[in-house]
Each structure stands twice: as C-alpha cells, then as structure tokens.
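Peer 1: Have a look at this one.
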Amino acid sequence: MSEKRLLLIDGNSITYKAFFALINQVNSFVNNEGIHTNAVFGFNNMLNIMLDKFKPTNVLVAFDAGKTTFRTEMYSDYKAGRDKTPDELREQFDYVKKLLKNRGIKYYQLNNYEADDIIGTLSKEADQLGFETTIVTGDNDLTQLCSDKTTVSISNRGVSGVVRYDTDYVKETMGITPAQIIDWKALKGDSSDNYSGVTGVGDKTALKLVTQFGSVENLYEHLDEVSGKKLLEHLTEDKENAFLAKKLATINRDAPIEITVDDTVYDGDHIEDLINFYREMNFRKFLSEMSADQVETMDKVEFVELNSDNAKEIDVKDGSNVSFYLGIDGDNYHTADYIGFAMKVDEINYISRDIELLMDDNLKALLESDKISKNVFDGKRTYVGLNRLGIKLNNVDFDLLLASYLLDTNDNSYDLGKVANRHDYFDVQSDEDVYGKGAKRAIPDDDILFDHFARKVNAINSLKDKLFDELKSNDQLDLYRDVELPLSFVLARMEIAGVVINKDILISMKSKISEKLLEIKQSIYNDAGEEFNIASPKQLGEILFDKMQLPVVKKTKTGYSTAVGVLEQLAPDYPIVEKVLEYRKYSKILSTYVEGLLSDIHVDNKVHTRYLQTLTQTGRLSSVDPNLQNIPVRTEEGRKIRQAFIPSESNWQIFSSDYSQIELRVLASISGDKNMQDEFIHNDDIHASTARRIFGLSDNSEVTPEYRRQAKAVNFGIVYGISDFGLAKNTGISRNDAKEFIEKYFDEYPGVKKYMEDSVNSAREKGYVETILHRRRYLPDINAKNFNLRSFAERTAMNSPIQGSAADIIKIAMIKMEQELEKRNLKAKMLLQVHDELIFEAPSEEIEILEELVPKVMDSAVKLNVPLNVKSHYGNSWYSLK
DNA sequence: CGGTTCACG
DNA sequence: ACGTACGTGAACCGT
C-alpha cells in the first residue's frame, strides 16, 4: 500500500444515498431536538467502512455549492425537474458537516462548481503527486476519473455495499476506457441530469459507437462509416446536442479551487467533540463502538477491592437494596470460569476477582437474604453462577436485561454495556471494547477490570428507576414482576436440573448410522460415476444438474437449489436423488443429534440447556447448547433420538403435557370471532369444522382427509398472517384457489378478518403490537414504502400477538406448576419447555397425580373466552410417551 | 461469516 | 408490478 492515500467523497451524493437507504427508519432516527438523523447516521457508517478499509492519510468531502453552476450557464435545464429535496433530508446537511468536523475530516465547496469538479481537480493533483486515491460516490459519472492510481467506489446496496471501479474494471465491463465514458454519455444523454444526447441512441448503441470510433469528435469526422440510415439521420440532426452533452458530462479537472491535497491531511477523530456530537444525535451505536479512548472522557469511578477481612465488615441493613454483578468468562454459565464480582452497597462499589469471598458467611447471607433486595443484569445467569458456589440467590428486584427486553425486544444484547448504551447511559463500555474480541480477547489487568466492573454495577443501579418508570408507563410492570422475573428463576432451576442422556444408546446409534451412511454414500458415488461431497449443495448441484442432466426445478441466488422439496419432485424418476435424500436425513441425525448431543453431555451424564429468555421477537423462549426444542419427532428414524432422554432415577418416568391448538384458541379468544369460539367451546374438530365452512359442506357431514388437510393448512396460514401466494406455495394449490379459500374463510369467520385488519391498523398508529399480557413488539417497517418490508411487518402484526400470547400463557403455567410441585412436596421435576409442551420427570407413583395436576394448572393459567385443551403422556423415555 | 439446509413449535 | 407464509438453532460449505 502506498504511503500517501487520499479518500475523496462526494458529500451530496452519499448523503442522499444514506437518506434513502434508511428512509424506512426516517421517523425512528430523530434526536431530542426533533432533527432527523438517518442520513447522518448512514453517512457515518459509510465513513467508518471506508476509513477502516482504505486507511487514508488524506480525506476530503466535496459538496455542491448551490443550484447554479457553470453547467447551468451553458444549459439552463441542467438537472432541472429533479424531485425537491425532502425537508427531513435538507436539515441534515449541516449536521453531516458537523460530523465531519468532529471526525477531523476537511470538507469543501466552491461556488459555480459541483462536487464532481472539486474531486476531479484534486484527484488530478493527487495523481501527479503519486497518491493512491479512492473516490466514493453514489453515481456513475465519476468513473471517468479512474486511472492507474485512482479507483472509484460506487455505493449500491444502501451505503455500505460498494462496487469498486478501476481502469481495468471499466474496460472489462464496458469495453471502453474511463475517459471514453464522457463520449458514451454525450451520445446517450443523462435523464437524471436532464440532458439528452442523440435521439434514438441508448446505452447499447452509444457503447457500440464509442468502441468503433473512440470519441465523439472522431465519430463526427467519419459519419460516412456509420451503418444504419435512421441512426445517421439522428446523429446529424443532434450533432449540437451531442457536443453540448459532452461538455456537460465532462468533469472539470482544473476548477479554481483554493485548496490543495496538502490541505486535506486527515488527523483523526476529535474524541471529546465527537462524543458530544454522537450524544446530541442519539447515536448509541457509534458511542458504544468508540474505542477505549472513551474511558478518559468518562468520570472516574471509585471502588474498594475486597479481601477476606473487609468482606466480613460489609454491613447491609434489612430492607435495603444492593446492585450485584457476577463476572463469568463466556456464554455458557453452567461451566465457564468466573472472572470476579462487583457489589454496590450504600454508594460504595466493592470489587474482587476472588469468587470464594462470596462463599464467606457475610456475603453469602446477603445474597441469600429475602430482606435485602438485589439489582442484577441477567438474573438467570447470576442465579446459575451462584448456585455452582452453593449460594441460593434470593430476592431479585431489578433485572436490567429482562426489563430492557420487555421495553423493546431489540434491546436484548447479553452485553451489559451495549444494553446500558441503548438506554442513553454511556458511563460503561461493552465487554468487547474492554476485553477485545476473537483471538485477541483477554481479561485485562486488575485496574482496568475493576474499573469496568464498578461501572457495570453503577449502570445497573442508575438505570433501575428509569426502566421501572418506562415499564409502568407501558403497562408492563405486571408482565415483568409476575411473569418474566419469576420465570427466569424457574428456568434457572430447570437448566440446573438438566436431563439425563443415555450415552450408550447414542453411541450404538452412531455406529449403526455411520455404517448406513457409508453404504448410501458408495451407492451414490456409483450412480454418479465419481466421488464428491454430498453435503455440499454446490457439488451436488453440479453432479445432478450438469453432469447427469436432471431437470432443474428451482435455483437459488448461488446456483441450483437442492432443497428437500426439489429433490422430492425428482426422486420418483431418479434413484440417485432418493439416495441423496436418505443420506441427508441420516447425516443430519448423526451430526446434529447423535454427535451433537454426545458432545454436550456434562460430567453428570446430563445435558444442561440454556433457555434464552430475552431473544425472540415474540416472547417465546429459545434453547441452546444443546437446543432441546428441536429434537426430532416427525420421522421414526429421527424420533429414536428420544430414546436417549431418560429419567434421572430408576423407577422414574418421563411425563409430558401439551396444549392442543393453543394458537388457534388464542386467535378465537382475542379476535372475538363467535363462530370459531363456538367450535372450541363445543370441542369440535377445528380443522374439520373449518373444512366444512370453506368447502361449503353441511353441518356434521363427513370430512374427507384431503379436505381436512387443506383446511388445516388454511388455519396455519391464518395464524402466520396469510397471503394467497404463501398459502398456494405451501399447499400446492393454485393461487386463485388459495385466494378463494381465504375469502371464504373470512366470510365464515368475520371476527378473524376484523382482528387481522385491526392489528395492522393499530400497528400503523402505535408502531407496535402487543399480547394479552402487554408484551410489545415494535414494527418500524409497518409504514415502509418497500412492499416486501411492509408486507412482512403486516404479517408480523397479525402473527406476533397470537404466538406471543401463547408464549405468555405457558410461561404463567410454568411458574404455577413449579409452585404446585413444591406445595405438594412432589419429587417430580419440570425439565423442559417446547413452546406448547412441558416435560417432567417423576417417580412412577406420582404419575397419577401429575395426570390430573398438570393439565389443571396449564388450562387454567390464563382465562380465555374459549377453553384450553391439554393432553398428557408418559413413559420410560422421551421416546415412549403413551 | 453469509448462505443453505433441516430439525422443532 | 412488486414477491411472502410465523418463530427458532446447529451443522456445514465456501469465500
């Protein structure tokens, strides 16, 4: 890389691009003074990418000075007819310039000239001085400036994706030199700049002419060589136009600018001003990304290092409140090492790396006390971490992570610093900034670590009142206090309990399946005539569709699709495809479930999953390390995996209860649709009833399995926020049929139709939708101009309250269930939750009790306008539930 | 690290 | 005309 690197940015063009790339969020990017900030934000994003990639020594951003330039003198309609700049954008130009100032970047504009000319003039000087130059812009005009030393990056997708043009690239893609782009534009004109070239000459013809004649001048000297009578006529008639257009298209590389490359030296961010500016703009993202330099601008924090002596002296009165943070080095808190802890008591921050201090009587009693309340970040993590030390965390009042997630499901990072930043609290950094990331990650020395920990407990402590106020004004305090907070500890205890896995079963499955796979693999190689990686969609596609010439059913962005649906269509005619399907099925079972599960077994022969309580956008849980919410059940081969999930004691059983059609029942209840409600109240077969309605059959008539299957698909579609296209694609019926089904459905269930419309309308007005317990999901795209984004938001508006309310219901059931087990002194333990299903282990003699108790608790968890229905099963393993 | 595939509700 | 079913996690490929 050259020592001298100049970055030239077309300020107007990039600001425009940034504004329209983030147009959907224009209303969520508003600072405290009501100024829109989306273009400033997008501009800065682009800047970060270019600075990082190009590491320039010199930078200049050029702006257009005004409407009139030497080009408008030449041609008064130059750039006429352009849409007026929106007010929301106009107000941002001054802030882009402020941003540049604070980032230590020069900018320049010159009366009578466009940004292009400034860039052209400077890049010429830079070329002569031996600079390596990169020009960043949003439009293609500047590609004429490409040279050996100068490349032009054109942003396409939003502002962060760029296409890089250098001389070779221009030659390769267009077959002409960068300078000839001027001649090309002279002939074809430029509609966005509002000048025409030669009538009837577009991109293609212009390119042909330039390739043949080299320049406009040469073309007009050899008009006799032009083929085509019409074309010749047009060229002759529009000669003047062509020469004018060439002048307009030519960037002036000798503009009378008053700066030189020497004036563009880049000296880096003005940290303090930049932080203030980011705060003024509400740019939490950039603030949180700032380097350790930020620490210097933050107030100093005091802390006291704890040791075995002063730890005994901490005296906390009953009725008081402390903030506590337990540092664990990694995601998996069941096994990861401890880093240390911090505790804020009466405005004093106590810190230590010595985790054993927590096990001393004094601190242990404090954490276990039901008289002293605690504030934490991620109570579940803290509970499990302390449990490993034999400490039972008690009386948690505030969980920053949980509260933040309830306020906005997007504020769900497991990094305390990032979450605090999102609530405008900036006196704490993210772990990534303090520890580094990837291979460089390391726990720092005491002084840095203690400072960071002290800031963490400060952040927890400081945000408590603010977040409680916000929960209250959202009407979400009950959801927090009665559901999510108690649930976090129910989940902690389920995770700690774990599930016993019979290793021997998995090991024997492993050898059987491996053998089978070897067999299938050989047979596939035989059919293909060569060996290849069957697991590679690319290689498989080449074998099937190139070498063996199978008909192509569907393509993906990157090549042939080899998804199940595609292969299933081909399977009847091509034995190799059938074998590939077999291979896929067994290798999935082997790698994800047999080998995957084996590698997740702890020393106690159990798997201890982690439920992510603050991840999903709907309020559901998710499960990781291992994911126990997607253990196979639909095919017999896969289902056998469940044989390995067994009770922890002999003579115990696995017991499971699940809600039937909980989402449809929720829909019937919240939509108020009388017809659907009646069907659930009468305990009808809902899919059969739907079939009778949409196919116009008489009441109580037999419903064929095919009709029922289609009606079931429609019911699913309704819950997902239906579209005729989606339904057609998923069921294989025609789009017209799908459309008719949906119309008939809405005729028959008018309450459902109204609910769908109301959901979308309410989302448009409020910007969010909510569940029966006021769980919120914000939908910023609901008013988007982009059809795709908007449609997606609309379907989400219909689906999220349904899926989310079902999640609310089972969460309440879980809390009540744990209480009931305790109250009745049962040995039974709740182990797993799979969205609409709770799984327990219990001594055989308790099964009878559970059969009555669990459904009772589950179906009375929340009072709906329709009954809930719960079915139970039990057996010796998760496989053999009867 | 994004794309594809496939496991679940 | 646009081009989609809702919500997840893990393994693997290939850049």
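Every chain in the structure tokens has a letter given in the order shown (A, B, ...), and although residue numbers restart at 1 in each chain, ligands are simply numbered from 1 in the order shown.
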Wanna dump the chain A-chain C contacts at 6 Å for me, each residue with its shortest atom pair and the distance in Å to one decimal, counting only C-alpha atoms (C1' of nucleotides), ordered by chain and number, as a Markdown table?

Peer 2:
| residue | atom | partner | partner_atom | distance |
| --- | --- | --- | --- | --- |
| A:Ser536 | CA | C:DC13 | C1' | 5.9 |
| A:Tyr720 | CA | C:DC6 | C1' | 4.6 |
| A:Gly726 | CA | C:DA5 | C1' | 4.6 |

Peer 1: Using only C-alpha atoms (C1' of nucleotides), I'd like a table of the residues in chain A that come within 12 Å of chain B; for each, show the closest atom pair and its distance in Å rounded to one decimal, ordered by chain and ascending number, as JSON lines.

Peer 2:
{"residue": "A:Ala535", "atom": "CA", "partner": "B:DT5", "partner_atom": "C1'", "distance": 9.4}
{"residue": "A:Ser536", "atom": "CA", "partner": "B:DT4", "partner_atom": "C1'", "distance": 9.3}
{"residue": "A:Pro537", "atom": "CA", "partner": "B:DT4", "partner_atom": "C1'", "distance": 7.5}
{"residue": "A:Lys538", "atom": "CA", "partner": "B:DT4", "partner_atom": "C1'", "distance": 9.9}
{"residue": "A:Lys555", "atom": "CA", "partner": "B:DT4", "partner_atom": "C1'", "distance": 11.9}
{"residue": "A:Thr556", "atom": "CA", "partner": "B:DT4", "partner_atom": "C1'", "distance": 9.1}
{"residue": "A:Lys557", "atom": "CA", "partner": "B:DG3", "partner_atom": "C1'", "distance": 9.0}
{"residue": "A:Thr558", "atom": "CA", "partner": "B:DG3", "partner_atom": "C1'", "distance": 8.3}
{"residue": "A:Gly559", "atom": "CA", "partner": "B:DT4", "partner_atom": "C1'", "distance": 10.7}
{"residue": "A:Tyr560", "atom": "CA", "partner": "B:DT4", "partner_atom": "C1'", "distance": 10.9}
{"residue": "A:Ser561", "atom": "CA", "partner": "B:DT4", "partner_atom": "C1'", "distance": 8.8}
{"residue": "A:Thr562", "atom": "CA", "partner": "B:DT5", "partner_atom": "C1'", "distance": 8.7}
{"residue": "A:Ala563", "atom": "CA", "partner": "B:DT5", "partner_atom": "C1'", "distance": 6.7}
{"residue": "A:Val564", "atom": "CA", "partner": "B:DT5", "partner_atom": "C1'", "distance": 8.4}
{"residue": "A:Gly565", "atom": "CA", "partner": "B:DT5", "partner_atom": "C1'", "distance": 11.2}
{"residue": "A:Leu581", "atom": "CA", "partner": "B:DC6", "partner_atom": "C1'", "distance": 11.4}
{"residue": "A:Arg584", "atom": "CA", "partner": "B:DC6", "partner_atom": "C1'", "distance": 8.9}
{"residue": "A:Lys585", "atom": "CA", "partner": "B:DC6", "partner_atom": "C1'", "distance": 8.6}
{"residue": "A:Tyr586", "atom": "CA", "partner": "B:DC6", "partner_atom": "C1'", "distance": 11.4}
{"residue": "A:Ser587", "atom": "CA", "partner": "B:DC6", "partner_atom": "C1'", "distance": 10.7}
{"residue": "A:Lys588", "atom": "CA", "partner": "B:DC6", "partner_atom": "C1'", "distance": 7.5}
{"residue": "A:Ile589", "atom": "CA", "partner": "B:DA7", "partner_atom": "C1'", "distance": 8.8}
{"residue": "A:Leu590", "atom": "CA", "partner": "B:DA7", "partner_atom": "C1'", "distance": 12.0}
{"residue": "A:Ser591", "atom": "CA", "partner": "B:DA7", "partner_atom": "C1'", "distance": 11.6}
{"residue": "A:Thr592", "atom": "CA", "partner": "B:DA7", "partner_atom": "C1'", "distance": 8.6}
{"residue": "A:Tyr593", "atom": "CA", "partner": "B:DA7", "partner_atom": "C1'", "distance": 9.1}
{"residue": "A:Arg620", "atom": "CA", "partner": "B:DG9", "partner_atom": "C1'", "distance": 10.0}
{"residue": "A:Leu621", "atom": "CA", "partner": "B:DG9", "partner_atom": "C1'", "distance": 10.8}
{"residue": "A:Ser622", "atom": "CA", "partner": "B:DG9", "partner_atom": "C1'", "distance": 10.7}
{"residue": "A:Ser623", "atom": "CA", "partner": "B:DC8", "partner_atom": "C1'", "distance": 11.0}
{"residue": "A:Asn627", "atom": "CA", "partner": "B:DC8", "partner_atom": "C1'", "distance": 9.5}
{"residue": "A:Leu628", "atom": "CA", "partner": "B:DC8", "partner_atom": "C1'", "distance": 8.8}
{"residue": "A:Gln629", "atom": "CA", "partner": "B:DC8", "partner_atom": "C1'", "distance": 5.8}
{"residue": "A:Asn630", "atom": "CA", "partner": "B:DC8", "partner_atom": "C1'", "distance": 3.5}
{"residue": "A:Ile631", "atom": "CA", "partner": "B:DC8", "partner_atom": "C1'", "distance": 6.4}
{"residue": "A:Pro632", "atom": "CA", "partner": "B:DA7", "partner_atom": "C1'", "distance": 6.1}
{"residue": "A:Val633", "atom": "CA", "partner": "B:DC8", "partner_atom": "C1'", "distance": 8.2}
{"residue": "A:Arg634", "atom": "CA", "partner": "B:DC8", "partner_atom": "C1'", "distance": 9.2}
{"residue": "A:Thr635", "atom": "CA", "partner": "B:DA7", "partner_atom": "C1'", "distance": 10.7}
{"residue": "A:Gly638", "atom": "CA", "partner": "B:DA7", "partner_atom": "C1'", "distance": 9.2}
{"residue": "A:Arg639", "atom": "CA", "partner": "B:DA7", "partner_atom": "C1'", "distance": 10.9}
{"residue": "A:Ile641", "atom": "CA", "partner": "B:DA7", "partner_atom": "C1'", "distance": 11.9}
{"residue": "A:Asp658", "atom": "CA", "partner": "B:DG9", "partner_atom": "C1'", "distance": 11.1}
{"residue": "A:Tyr659", "atom": "CA", "partner": "B:DG9", "partner_atom": "C1'", "distance": 11.2}
{"residue": "A:Ser660", "atom": "CA", "partner": "B:DG9", "partner_atom": "C1'", "distance": 11.7}
{"residue": "A:Gln661", "atom": "CA", "partner": "B:DG9", "partner_atom": "C1'", "distance": 10.9}
{"residue": "A:Ile662", "atom": "CA", "partner": "B:DG9", "partner_atom": "C1'", "distance": 10.9}
{"residue": "A:Glu663", "atom": "CA", "partner": "B:DG9", "partner_atom": "C1'", "distance": 10.6}
{"residue": "A:Gln803", "atom": "CA", "partner": "B:DG9", "partner_atom": "C1'", "distance": 10.1}
{"residue": "A:Ala806", "atom": "CA", "partner": "B:DG9", "partner_atom": "C1'", "distance": 11.2}
{"residue": "A:Ala807", "atom": "CA", "partner": "B:DG9", "partner_atom": "C1'", "distance": 10.9}
{"residue": "A:Gln833", "atom": "CA", "partner": "B:DG9", "partner_atom": "C1'", "distance": 10.5}
{"residue": "A:Val834", "atom": "CA", "partner": "B:DG9", "partner_atom": "C1'", "distance": 6.9}
{"residue": "A:His835", "atom": "CA", "partner": "B:DG9", "partner_atom": "C1'", "distance": 5.8}
{"residue": "A:Asp836", "atom": "CA", "partner": "B:DG9", "partner_atom": "C1'", "distance": 7.1}
{"residue": "A:Glu837", "atom": "CA", "partner": "B:DG9", "partner_atom": "C1'", "distance": 9.1}

Peer 1: Might you pull out every residue within 6 Å of range 337-349 of chain A, with only C-alpha atoms (C1' of nucleotides) counted and same-chain residues fewer than 6 positions away left off, and present them as a count of residues only?

Peer 2: 12

Peer 1: Calculated over only C-alpha atoms, which of the candidates A:Leu779, A:Leu485, A:Leu479, A:Ala336 has the smallest distance to Thr409 in chain A?

Peer 2: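 Comparing A:Leu779, A:Leu485, A:Leu479, A:Ala336 against Thr409 in chain A, the winner is A:Leu779.
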
Peer 1: I need the residues of range 120-182 of chain A that end up classed as helix (DSSP H, G or I) by DSSP on the backbone, written out as a list in words.

Peer 2: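 The helix (DSSP H, G or I) subset of range 120-182 of chain A is Gly120, Thr121, Leu122, Ser123, Lys124, Glu125, Ala126, Asp127, Gln128, Leu129, Asn140, Asp141, Leu142, Thr143, Gln144, Leu145, Thr167, Asp168, Tyr169, Val170, Lys171, Glu172, Thr173, Met174, Gln180, Ile181 and Ile182 of chain A.
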
Peer 1: Would you mind exporting the chosen residues as a short mmCIF file (atom, residue, chain, number, x, y, z; two decimals), in the first residue's frame, restricted to C-alpha atoms?

Peer 2:
data_model
loop_
_atom_site.label_atom_id
_atom_site.label_comp_id
_atom_site.auth_asym_id
_atom_site.auth_seq_id
_atom_site.Cartn_x
_atom_site.Cartn_y
_atom_site.Cartn_z
CA GLY A 120 -11.77 15.76 -10.42
CA THR A 121 -9.36 18.61 -9.80
CA LEU A 122 -7.96 17.21 -6.58
CA SER A 123 -7.64 13.69 -7.92
CA LYS A 124 -5.64 15.07 -10.86
CA GLU A 125 -3.25 16.78 -8.46
CA ALA A 126 -3.10 13.65 -6.34
CA ASP A 127 -2.27 11.53 -9.39
CA GLN A 128 0.66 13.82 -10.16
CA LEU A 129 1.87 13.71 -6.56
CA ASN A 140 -21.57 6.51 -12.11
CA ASP A 141 -20.36 9.83 -13.59
CA LEU A 142 -17.16 9.85 -11.61
CA THR A 143 -15.92 6.58 -13.11
CA GLN A 144 -14.41 8.77 -15.85
CA LEU A 145 -11.75 9.71 -13.28
CA THR A 167 -9.39 1.25 -15.16
CA ASP A 168 -9.34 -2.49 -15.80
CA TYR A 169 -12.82 -2.98 -14.40
CA VAL A 170 -14.25 -0.25 -16.65
CA LYS A 171 -12.51 -1.78 -19.65
CA GLU A 172 -13.66 -5.24 -18.75
CA THR A 173 -17.31 -4.48 -18.11
CA MET A 174 -17.82 -1.80 -20.75
CA GLN A 180 -14.48 7.42 -23.04
CA ILE A 181 -17.33 7.31 -20.54
CA ILE A 182 -17.70 11.01 -21.33
#
